[in-house]
Every structure is written in structure tokens, then in C-alpha cells.
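Structure file target_1.txt (compact mmCIF, C-alpha atoms) is printed below.
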# COMPACT_ATOMS: atom_id res chain seq x y z
CA MET A 1 1.26 192.70 -39.75
CA GLN A 2 0.40 193.01 -36.10
CA GLN A 3 -2.22 195.61 -36.94
CA LYS A 4 -3.84 193.22 -39.42
CA LEU A 5 -3.88 190.42 -36.83
CA ARG A 6 -5.39 192.74 -34.26
CA ALA A 7 -8.03 193.80 -36.78
CA ILE A 8 -8.81 190.15 -37.58
CA PHE A 9 -9.11 189.27 -33.89
CA PHE A 10 -11.28 192.32 -33.34
CA TYR A 11 -13.69 191.47 -36.13
CA LEU A 12 -13.76 187.79 -35.06
CA SER A 13 -14.58 188.88 -31.52
CA VAL A 14 -17.37 191.10 -32.78
CA ILE A 15 -18.77 188.34 -34.98
CA SER A 16 -18.50 185.80 -32.12
CA PHE A 17 -20.23 188.23 -29.79
CA PHE A 18 -23.20 188.67 -32.11
CA ILE A 19 -23.39 184.91 -32.70
CA ILE A 20 -22.95 183.76 -29.10
CA LEU A 21 -25.06 186.47 -27.44
CA PRO A 22 -28.35 185.43 -29.13
CA MET A 23 -27.63 181.80 -28.30
CA VAL A 24 -27.02 182.66 -24.66
CA LEU A 25 -30.20 184.73 -24.55
CA LEU A 26 -32.22 181.97 -26.21
CA TYR A 27 -30.92 179.39 -23.74
CA SER A 28 -31.72 181.71 -20.84
CA PHE A 29 -35.32 181.98 -22.10
CA GLY A 30 -35.67 178.20 -22.32
CA TYR A 31 -34.74 177.53 -25.93
CA LYS A 32 -32.48 174.76 -27.19
CA LEU A 33 -30.97 174.01 -30.56
CA ASP A 34 -32.63 171.14 -32.37
CA ILE A 35 -29.68 169.68 -34.21
CA ASN A 36 -31.84 167.57 -36.52
CA ARG A 37 -33.88 170.58 -37.69
CA PHE A 38 -31.08 173.07 -37.01
CA ARG A 39 -33.34 175.55 -35.28
CA PHE A 40 -34.07 176.74 -31.76
CA ILE A 41 -37.13 175.25 -30.03
CA LYS A 42 -38.63 176.33 -26.72
CA THR A 43 -38.24 173.55 -24.17
CA GLY A 44 -40.75 172.16 -21.69
CA LEU A 45 -40.50 170.70 -18.22
CA ILE A 46 -41.87 167.91 -16.07
CA TYR A 47 -42.94 168.62 -12.49
CA VAL A 48 -43.07 165.56 -10.23
CA GLN A 49 -44.54 165.39 -6.73
CA ALA A 50 -45.39 162.24 -4.81
CA VAL A 51 -46.55 161.16 -1.36
CA PRO A 52 -44.46 160.29 0.59
CA GLN A 53 -41.69 162.60 -0.63
CA GLY A 54 -38.05 161.71 -1.21
CA ALA A 55 -38.36 159.21 -4.08
CA LYS A 56 -35.45 158.74 -6.49
CA VAL A 57 -36.20 160.06 -9.98
CA TYR A 58 -35.21 158.39 -13.25
CA LEU A 59 -35.70 159.90 -16.71
CA ASN A 60 -35.58 157.38 -19.57
CA GLY A 61 -33.70 155.06 -17.21
CA ARG A 62 -31.11 157.66 -16.19
CA TYR A 63 -30.89 158.48 -12.49
CA LEU A 64 -31.11 162.25 -12.02
CA LYS A 65 -29.51 162.16 -8.55
CA LYS A 66 -32.46 164.12 -7.20
CA THR A 67 -35.57 163.25 -5.21
CA THR A 68 -39.20 164.34 -5.30
CA PRO A 69 -40.56 166.97 -5.43
CA ILE A 70 -38.60 167.98 -8.53
CA SER A 71 -38.85 170.07 -11.71
CA ILE A 72 -37.05 168.45 -14.65
CA GLU A 73 -36.31 171.41 -16.92
CA GLU A 74 -34.95 172.14 -20.41
CA LEU A 75 -36.59 169.12 -22.05
CA MET A 76 -37.04 169.01 -25.80
CA PRO A 77 -40.62 168.25 -26.93
CA GLY A 78 -41.26 164.52 -27.07
CA LYS A 79 -42.03 161.48 -24.94
CA TYR A 80 -40.18 160.65 -21.73
CA LYS A 81 -40.40 157.75 -19.30
CA VAL A 82 -40.45 158.95 -15.70
CA SER A 83 -39.70 156.34 -13.03
CA LEU A 84 -39.79 156.78 -9.26
CA GLU A 85 -38.36 154.54 -6.57
CA LEU A 86 -38.85 154.79 -2.81
CA GLU A 87 -37.54 152.23 -0.37
CA SER A 88 -40.21 149.89 1.05
CA TYR A 89 -42.78 151.10 -1.48
CA TYR A 90 -43.90 149.82 -4.88
CA PRO A 91 -42.12 151.61 -7.77
CA TRP A 92 -43.98 153.94 -10.10
CA SER A 93 -43.41 154.74 -13.78
CA GLN A 94 -45.24 156.45 -16.61
CA THR A 95 -44.46 157.67 -20.12
CA VAL A 96 -45.51 161.30 -20.59
CA SER A 97 -45.41 163.86 -23.37
CA VAL A 98 -43.58 167.16 -23.10
CA GLU A 99 -44.78 170.06 -25.24
CA SER A 100 -42.89 173.18 -26.22
CA GLY A 101 -43.18 175.91 -23.59
CA LYS A 102 -45.48 173.88 -21.34
CA THR A 103 -45.29 172.09 -18.00
CA THR A 104 -46.29 168.44 -17.66
CA SER A 105 -47.44 167.93 -14.08
CA LEU A 106 -47.27 164.59 -12.28
CA ASP A 107 -48.57 165.69 -8.88
CA ASN A 108 -51.14 163.03 -7.94
CA ILE A 109 -48.73 160.16 -7.32
CA ILE A 110 -49.28 157.99 -4.25
CA PHE A 111 -46.77 155.36 -3.14
CA PHE A 112 -48.25 152.22 -1.61
CA PRO A 113 -46.16 150.22 0.87
CA LYS A 114 -44.97 146.73 -0.02
CA LYS A 115 -45.90 145.65 3.50
CA PRO A 116 -49.35 147.20 4.16
CA HIS A 117 -50.38 148.11 7.68
CA LEU A 118 -52.68 145.15 8.22
CA SER A 119 -54.30 144.32 11.53
CA LYS A 120 -57.11 141.95 12.44
CA MET A 121 -60.00 143.77 14.09
CA ASN A 122 -62.21 140.91 15.21
CA ILE A 123 -61.94 138.05 17.68
CA VAL A 124 -64.80 135.99 16.19
CA ASP A 125 -65.52 134.60 12.73
CA VAL A 126 -67.44 137.21 10.72
CA ASP A 127 -70.26 136.64 8.24
CA ASP A 128 -71.05 140.34 7.73
CA PHE A 129 -70.29 143.69 9.34
CA TYR A 130 -71.71 147.24 9.50
CA ILE A 131 -70.06 150.62 10.05
CA PHE A 132 -72.37 153.57 10.59
CA SER A 133 -71.44 157.15 9.73
CA ASN A 134 -72.58 158.40 13.14
CA ASP A 135 -70.69 155.67 15.02
CA LYS A 136 -67.39 155.24 13.18
CA ASP A 137 -65.44 154.13 16.25
CA TYR A 138 -67.15 150.73 16.19
CA THR A 139 -68.20 148.02 13.79
CA TYR A 140 -71.12 145.67 14.35
CA CYS A 141 -70.28 142.11 13.28
CA VAL A 142 -72.61 139.21 12.65
CA SER A 143 -70.81 135.97 13.40
CA GLU A 144 -70.32 133.13 10.96
CA GLY A 145 -73.43 130.99 11.12
CA ARG A 146 -75.39 134.17 11.89
CA THR A 147 -75.86 133.26 15.53
CA ALA A 148 -74.38 136.30 17.33
CA LEU A 149 -73.97 140.06 17.04
CA SER A 150 -70.84 141.74 18.44
CA LYS A 151 -69.73 145.34 18.79
CA ILE A 152 -65.99 145.81 18.10
CA ARG A 153 -63.91 148.95 18.55
CA LEU A 154 -62.10 149.92 15.34
CA ASN A 155 -59.00 151.27 17.09
CA PRO A 156 -56.25 148.67 16.36
CA LYS A 157 -54.59 149.46 19.71
CA ASP A 158 -57.77 148.80 21.65
CA GLN A 159 -59.65 145.90 20.05
CA GLU A 160 -62.47 145.90 22.55
CA ALA A 161 -65.23 143.46 21.62
CA ASN A 162 -68.62 143.14 23.28
CA LEU A 163 -71.01 140.30 22.52
CA LEU A 164 -74.38 142.03 22.26
CA TYR A 165 -76.65 139.14 21.28
CA GLY A 166 -75.69 135.50 21.30
CA GLN A 167 -78.80 133.79 19.93
CA LEU A 168 -79.86 135.49 16.69
CA GLU A 169 -81.09 132.28 15.03
CA LEU A 170 -81.42 133.80 11.54
CA PRO A 171 -82.84 131.34 8.99
CA ALA A 172 -80.26 129.55 6.87
CA ASN A 173 -82.05 130.09 3.53
CA ILE A 174 -82.17 133.91 3.56
CA LYS A 175 -80.87 135.91 0.60
CA ASP A 176 -79.54 138.87 2.59
CA PHE A 177 -79.89 140.66 5.92
CA SER A 178 -79.17 144.14 7.29
CA LEU A 179 -78.77 145.76 10.70
CA SER A 180 -80.89 148.88 11.19
CA PRO A 181 -79.22 152.29 11.71
CA ASP A 182 -80.44 152.35 15.33
CA LYS A 183 -78.84 148.87 15.85
CA LYS A 184 -82.06 147.50 17.33
CA LYS A 185 -83.46 145.49 14.43
CA ILE A 186 -82.33 143.13 11.69
CA LEU A 187 -84.25 142.73 8.45
CA TYR A 188 -83.71 139.56 6.44
CA PHE A 189 -85.34 138.27 3.28
CA ASN A 190 -85.39 135.70 0.54
CA ASN A 191 -87.06 135.94 -2.86
CA ASP A 192 -90.60 135.71 -1.48
CA LYS A 193 -90.63 137.03 2.07
CA LEU A 194 -89.14 139.74 4.29
CA ASP A 195 -89.02 139.63 8.08
CA VAL A 196 -87.72 141.88 10.84
CA LEU A 197 -86.09 140.59 13.99
CA TYR A 198 -86.36 142.96 16.97
CA LEU A 199 -83.31 142.90 19.22
CA PRO A 200 -83.49 143.69 22.94
CA THR A 201 -83.34 147.39 23.72
CA GLU A 202 -80.89 146.73 26.54
CA LYS A 203 -77.50 145.32 25.55
CA LEU A 204 -77.49 142.17 27.66
CA ASN A 205 -75.14 139.37 26.68
CA TYR A 206 -76.72 136.18 25.34
CA THR A 207 -80.22 137.63 25.44
CA GLN A 208 -82.70 136.07 23.06
CA PRO A 209 -84.14 138.67 20.66
CA LYS A 210 -87.85 139.08 20.27
CA ASN A 211 -89.67 137.05 17.68
CA SER A 212 -90.45 138.76 14.40
CA ASP A 213 -93.37 141.21 14.66
CA PHE A 214 -93.05 142.35 11.07
CA SER A 215 -93.42 140.27 7.94
CA VAL A 216 -93.92 141.14 4.27
CA LEU A 217 -95.12 138.79 1.53
CA PRO A 218 -94.89 140.84 -1.68
CA ASP A 219 -96.52 139.73 -4.90
CA ASP A 220 -93.20 139.78 -6.77
CA ARG A 221 -89.65 138.56 -6.21
CA ILE A 222 -87.60 140.68 -3.80
CA LEU A 223 -84.32 142.02 -5.16
CA TYR A 224 -83.22 144.42 -2.41
CA ALA A 225 -84.38 145.72 0.97
CA PHE A 226 -83.00 148.82 2.73
CA TRP A 227 -83.54 150.59 6.02
CA TYR A 228 -84.78 154.16 5.96
CA SER A 229 -82.50 156.36 8.09
CA ASP A 230 -84.92 156.56 11.03
CA SER A 231 -85.15 152.73 11.20
CA GLN A 232 -88.96 152.91 11.14
CA TYR A 233 -89.48 152.25 7.43
CA ILE A 234 -88.14 149.75 4.93
CA ILE A 235 -87.62 150.33 1.20
CA VAL A 236 -88.19 147.15 -0.80
CA VAL A 237 -87.15 146.77 -4.44
CA THR A 238 -88.86 143.94 -6.32
CA VAL A 239 -88.76 142.92 -9.98
CA LYS A 240 -91.86 145.07 -10.57
CA ASP A 241 -91.73 148.08 -8.24
CA ILE A 242 -90.27 150.04 -5.31
CA LYS A 243 -92.37 150.05 -2.14
CA ILE A 244 -92.08 151.66 1.29
CA TYR A 245 -93.32 149.74 4.35
CA GLU A 246 -94.04 151.22 7.78
CA LEU A 247 -92.90 149.05 10.67
CA SER A 248 -95.55 150.31 13.10
CA SER A 249 -98.23 149.06 10.66
CA GLN A 250 -96.61 145.61 10.70
CA GLY A 251 -96.40 145.65 6.92
CA LYS A 252 -100.19 145.69 6.49
CA ASN A 253 -101.09 149.39 6.20
CA ASN A 254 -99.51 152.57 4.83
CA ILE A 255 -97.75 150.68 2.04
CA ILE A 256 -96.61 153.08 -0.66
CA THR A 257 -95.69 152.09 -4.21
CA VAL A 258 -93.14 154.73 -5.08
CA LEU A 259 -92.33 153.63 -8.62
CA ASN A 260 -93.10 150.81 -11.03
CA LEU A 261 -90.08 149.16 -12.64
CA ASN A 262 -89.51 147.60 -16.04
CA ASP A 263 -86.20 145.92 -15.20
CA ASN A 264 -86.43 142.38 -13.80
CA HIS A 265 -82.73 142.50 -12.98
CA ALA A 266 -82.49 146.01 -11.53
CA LYS A 267 -79.46 146.97 -9.45
CA ALA A 268 -79.90 149.21 -6.41
CA PHE A 269 -77.88 150.99 -3.73
CA TYR A 270 -79.26 152.99 -0.82
CA ASP A 271 -77.38 155.86 0.84
CA THR A 272 -78.75 155.77 4.39
CA THR A 273 -76.89 158.93 5.37
CA GLU A 274 -78.69 161.01 2.73
CA ASP A 275 -81.78 158.79 2.23
CA ILE A 276 -81.17 158.51 -1.51
CA LEU A 277 -81.88 155.40 -3.58
CA TYR A 278 -79.83 154.75 -6.72
CA PHE A 279 -81.21 152.12 -9.08
CA THR A 280 -81.28 150.96 -12.68
CA ASP A 281 -84.37 150.60 -14.84
CA LEU A 282 -85.27 149.95 -18.47
CA GLN A 283 -86.88 152.72 -20.50
CA GLU A 284 -87.73 152.89 -24.18
CA GLY A 285 -85.48 155.25 -26.12
CA VAL A 286 -86.16 157.34 -29.23
CA ASP A 287 -84.83 154.42 -31.29
CA GLY A 288 -87.65 152.22 -30.00
CA LYS A 289 -85.25 150.00 -28.05
CA SER A 290 -85.04 149.47 -24.30
CA HIS A 291 -82.08 151.08 -22.56
CA ARG A 292 -80.95 150.55 -18.97
CA GLY A 293 -80.39 153.85 -17.17
CA LEU A 294 -79.22 154.82 -13.69
CA TYR A 295 -81.70 156.80 -11.59
CA ARG A 296 -81.54 158.75 -8.33
CA LEU A 297 -84.55 158.79 -6.02
CA ASP A 298 -84.30 161.38 -3.24
CA MET A 299 -86.28 160.45 -0.11
CA SER A 300 -84.50 162.77 2.29
CA ASN A 301 -87.55 164.44 3.84
CA ARG A 302 -88.56 163.75 7.41
CA SER A 303 -90.76 160.82 6.41
CA PRO A 304 -91.45 158.91 3.20
CA PHE A 305 -95.07 160.07 3.27
CA SER A 306 -94.19 163.75 3.09
CA PHE A 307 -91.83 162.76 0.27
CA MET A 308 -94.73 161.16 -1.61
CA LYS A 309 -96.92 164.22 -0.97
CA ASN A 310 -94.27 166.45 -2.52
CA MET A 311 -94.11 164.15 -5.56
CA GLU A 312 -97.85 164.36 -6.08
CA GLU A 313 -97.80 168.16 -5.82
What would the structure in this file look like if it were written as C-alpha cells?
Amino acid sequence: MQQKLRAIFFYLSVISFFIILPMVLLYSFGYKLDINRFRFIKTGLIYVQAVPQGAKVYLNGRYLKKTTPISIEELMPGKYKVSLELESYYPWSQTVSVESGKTTSLDNIIFFPKKPHLSKMNIVDVDDFYIFSNDKDYTYCVSEGRTALSKIRLNPKDQEANLLYGQLELPANIKDFSLSPDKKKILYFNNDKLDVLYLPTEKLNYTQPKNSDFSVLPDDRILYAFWYSDSQYIIVVTVKDIKIYELSSQGKNNIITVLNLNDNHAKAFYDTTEDILYFTDLQEGVDGKSHRGLYRLDMSNRSPFSFMKNMEE
């Protein structure tokens, strides 16, 4: 009898060994038993990384008692809601899909503080401001009412402010205005006219700028006006064309029509750092209809006139 029991236990042990061993091996290689389908399926994982680190991690509402960065492993294929919480920051959550044998990465998460680091940089009321790529320590602010120009240090710990010009006297009916890259001139315009105000070369407080020595009266309505990077030319976008004006010619000579436009409501942006104009225009498509496209006009040569020469060649 004892021999029979021993034999039974032996064979049961052998059978259990051959049943359990594959299961252990499958689990070690990332497989789990899908009870509904009664078969082994390779699991996936979710990798979570956020800035700042140390956020609490929740999976489908269950706290994992771990913080970021984290790899959540042995997940059956399907959808999971990942939620992150970090004290003093806005919470983050997203529903993601996990695929068999693959990693779902959530590594571009940024936490934003509930109390942002806000500081006031100016000591005067501001109508507009300019920050130049070659002078990022300061901003140049035009006061409300457009009567003064100030230079303000952008370091919150040292809010130095210098009043450069206290009597700008810009017209009240202008559409827009812009400080030149060399900080010595201001262009301003309305629909029908563009003028340039020359500021004093020396930074003396409350000094009256020079009267305008440059004025443009284009044939068509002005949409935009931009400074060329050397501050000696102005790019003007009207409802009909794009023109370049030379300041030394006082807007009377060396006027170049770069392109004719078909869009009366064109949008434009000028990258002064690279001297590239981006604008929209209407062109007829193969379907016979007008389509508004975005265009890039590179004017990055030493002067606009060499740019035009290259175009003609």
C-alpha cells in the first residue's frame, strides 16, 4: 500500500513539475494567462517619466505606491488610465493602450506649478515691448499713450529701468509701430501712410526725437511693415504687393517691388534674426479655384538689392 502511495505521489510530482515548469518559464518571459481565453499572452509595459520627478503614480485609480520615473510591467494588452500627482503642481492623466510585447512610453510629461513664478518686470504702464535676440538681458517698452521709451532689465532680481526718451509723440491714429533692431528708429503706419521717427543717437533722458525724415505714401492699403535686420531698409506688405524701401533714399528712390500679391487679406510675419518673410497669398489651383498658401521669402543676403539680383539670375 505504501509503495502504491509513493508511486502515486511520484507520478503526481512529475506531472506537476511538467505543468508548473512551463508556466513558471512563461511568466519569467513576460507571459500571463488570459483566463477569459484560457491561453498565455505576452504582456506589455508602461514607462512613465515626468519633470519634475517624484510624482505619485495611479493605474486605473489604484495607487501603485511608487513615484516617477517608473516602469509598470506585466500588463495585459488593453487600455489603462495613468494618473500622476505631484504636490503643488497640476495633476496629469491620460488613457493609453498597451500592446502585447511592447512598451508604451510616457516620457514627455511636464508638470506646471499651481502657483506660477510670476513677477512684474516694468515700473511704467506698457503699450508695447520689444526683446531682441542680440540683447536678451533687456526689454524696450513703449509706455501707454506712446509718449516714452524705456529700457528695462529682464532679471527679476534687478529690475533696472532707464527712461530713454520721454517725448515720443506718436500719432494717436496709427495702426501699428515697431522699434528698429538698432533701437534708434521707430516706424509707424496706418492704412495709407508710413513714417519713421529718428531717435537721438545718445541716450539722454527726456530728449525730443528728431522729426520724421522718412515717409511713404503707397498706392495701396498697408497691411504690415517690418524692419530689415540692418535697420536701413523697410519691408512693406500692402494688399497688392511686397516692397522694399531704402531709408537713405527717404522712400523716393531704390524702391523694389519684390512680389505682387493676390490676397487682399494676406497675413505676414518677419523673422528679423534670419531676414525671412513668411506670408500668405492666393494662387489658382489645378481645380480652377483660388487657394491660400503659406510662403517663405528668404532675404538673408547682405542687402535686399543683392537678394533681388540673385532672384533675377
Step by step: start from the point (-95.6, 147.4, 1.7) in the file's coordinates, keep every protein, DNA or RNA residue that has an atom no farther than 9 Å from it, count only C-alpha atoms, and write the set as number ranges by chain.
-> A: 216-218, 234-236, 243-246, 251-257
Residue with the minimum atom-to-atom distance to A:Asp127, picked from A:Thr273, A:Ser231, A:Ser178, A:Ser93 with only C-alpha atoms counted, is A:Ser178
Go through A:Gly293, A:Pro69, A:Pro113, A:Pro77 one by one, measure the shortest atom-to-atom distance of each to A:Ala266 using only C-alpha atoms, and give the residue with the smallest value.
-> A:Gly293
Residues near stretch 51-54 of chain A, cut-off 12 Å, only C-alpha atoms, skip fewer than 4 positions along chain, as a PyMOL selection string = chain A and resi 65-70+84-90+92+106-113
Skip stretch 184-196 of chain A itself and residues of its chain fewer than 3 positions away, then list as a PyMOL selection string all residues within 9 Å of it, counting all atoms listed in the file.
-> chain A and resi 170-171+173-181+199-201+211-227+231+234+238+247
Next, dump the selected residues to file, keeping only C-alpha atoms, as a PDB file, in the coordinates of the input.
ATOM      1  CA  LEU A 170     -81.420 133.800  11.540  1.00  0.00           C
ATOM      2  CA  PRO A 171     -82.840 131.340   8.990  1.00  0.00           C
ATOM      3  CA  ASN A 173     -82.050 130.090   3.530  1.00  0.00           C
ATOM      4  CA  ILE A 174     -82.170 133.910   3.560  1.00  0.00           C
ATOM      5  CA  LYS A 175     -80.870 135.910   0.600  1.00  0.00           C
ATOM      6  CA  ASP A 176     -79.540 138.870   2.590  1.00  0.00           C
ATOM      7  CA  PHE A 177     -79.890 140.660   5.920  1.00  0.00           C
ATOM      8  CA  SER A 178     -79.170 144.140   7.290  1.00  0.00           C
ATOM      9  CA  LEU A 179     -78.770 145.760  10.700  1.00  0.00           C
ATOM     10  CA  SER A 180     -80.890 148.880  11.190  1.00  0.00           C
ATOM     11  CA  PRO A 181     -79.220 152.290  11.710  1.00  0.00           C
ATOM     12  CA  LEU A 199     -83.310 142.900  19.220  1.00  0.00           C
ATOM     13  CA  PRO A 200     -83.490 143.690  22.940  1.00  0.00           C
ATOM     14  CA  THR A 201     -83.340 147.390  23.720  1.00  0.00           C
ATOM     15  CA  ASN A 211     -89.670 137.050  17.680  1.00  0.00           C
ATOM     16  CA  SER A 212     -90.450 138.760  14.400  1.00  0.00           C
ATOM     17  CA  ASP A 213     -93.370 141.210  14.660  1.00  0.00           C
ATOM     18  CA  PHE A 214     -93.050 142.350  11.070  1.00  0.00           C
ATOM     19  CA  SER A 215     -93.420 140.270   7.940  1.00  0.00           C
ATOM     20  CA  VAL A 216     -93.920 141.140   4.270  1.00  0.00           C
ATOM     21  CA  LEU A 217     -95.120 138.790   1.530  1.00  0.00           C
ATOM     22  CA  PRO A 218     -94.890 140.840  -1.680  1.00  0.00           C
ATOM     23  CA  ASP A 219     -96.520 139.730  -4.900  1.00  0.00           C
ATOM     24  CA  ASP A 220     -93.200 139.780  -6.770  1.00  0.00           C
ATOM     25  CA  ARG A 221     -89.650 138.560  -6.210  1.00  0.00           C
ATOM     26  CA  ILE A 222     -87.600 140.680  -3.800  1.00  0.00           C
ATOM     27  CA  LEU A 223     -84.320 142.020  -5.160  1.00  0.00           C
ATOM     28  CA  TYR A 224     -83.220 144.420  -2.410  1.00  0.00           C
ATOM     29  CA  ALA A 225     -84.380 145.720   0.970  1.00  0.00           C
ATOM     30  CA  PHE A 226     -83.000 148.820   2.730  1.00  0.00           C
ATOM     31  CA  TRP A 227     -83.540 150.590   6.020  1.00  0.00           C
ATOM     32  CA  SER A 231     -85.150 152.730  11.200  1.00  0.00           C
ATOM     33  CA  ILE A 234     -88.140 149.750   4.930  1.00  0.00           C
ATOM     34  CA  THR A 238     -88.860 143.940  -6.320  1.00  0.00           C
ATOM     35  CA  LEU A 247     -92.900 149.050  10.670  1.00  0.00           C
TER      36      LEU A 247
END
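Checking A:Asp135, A:Asp230, A:Asp128, A:Glu99 one by one against A:Asp275, counting only C-alpha atoms, you find the shortest gap at A:Asp230.
Reported to one decimal place, the separation of atom CA of A:Ser143 from atom CA of A:Pro116 is 25.9 Å.
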Find the spatial neighbours of A:Asp271, counting all atoms listed in the file, within a cut-off of 12 Å - ignore same-chain residues fewer than 3 positions away - and output them as an MDAnalysis selection string.
-> chainID A and resid 132:133 181 226:229 235 268 274:279 296:300
With a distance cut-off of 6 Å and only C-alpha atoms, select the neighbouring residues of stretch 44-48 of chain A, excluding the residue or stretch itself and same-chain residues fewer than 5 positions from it, and output the selection as a PyMOL selection string.
-> chain A and resi 69-75+98-107
Which value, in Å to one decimal, gives the distance between atom CA of A:Thr43 and atom CA of A:Ala55?
-> 24.7 Å
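Neighbouring residues of A:Tyr138 at 7 Å or closer, counting only C-alpha atoms and skipping chain neighbours under 3 positions away, are A:Ile131, A:Asp135, A:Lys151, A:Ile152, A:Arg153, A:Leu154.
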Please produce an output containing C-alpha atoms for each residue in the selection, written as a compact mmCIF listing (two decimals), keeping the file's coordinate frame.
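Below is the file out25.txt, written as the result:
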# COMPACT_ATOMS: atom_id res chain seq x y z
CA ILE A 131 -70.06 150.62 10.05
CA ASP A 135 -70.69 155.67 15.02
CA LYS A 151 -69.73 145.34 18.79
CA ILE A 152 -65.99 145.81 18.10
CA ARG A 153 -63.91 148.95 18.55
CA LEU A 154 -62.10 149.92 15.34
Here atom CA of A:Leu168 and atom CA of A:Val237 stand apart by 25.0 Å
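With all atoms listed in the file as the basis for measurement, A:Asn262 is the residue among A:Thr139, A:Thr95, A:Gln250, A:Asn262 that approaches A:Ser290 most closely.
When all atoms listed in the file are used to measure the gap to A:Lys114, the shortest distance among A:Tyr140, A:Ser83, A:Pro91, A:Val286 belongs to A:Pro91.
If you measure from each of A:Phe129, A:Leu259, A:Asn264, A:Gln49 to A:Tyr295 using only C-alpha atoms, the closest one turns out to be A:Leu259.
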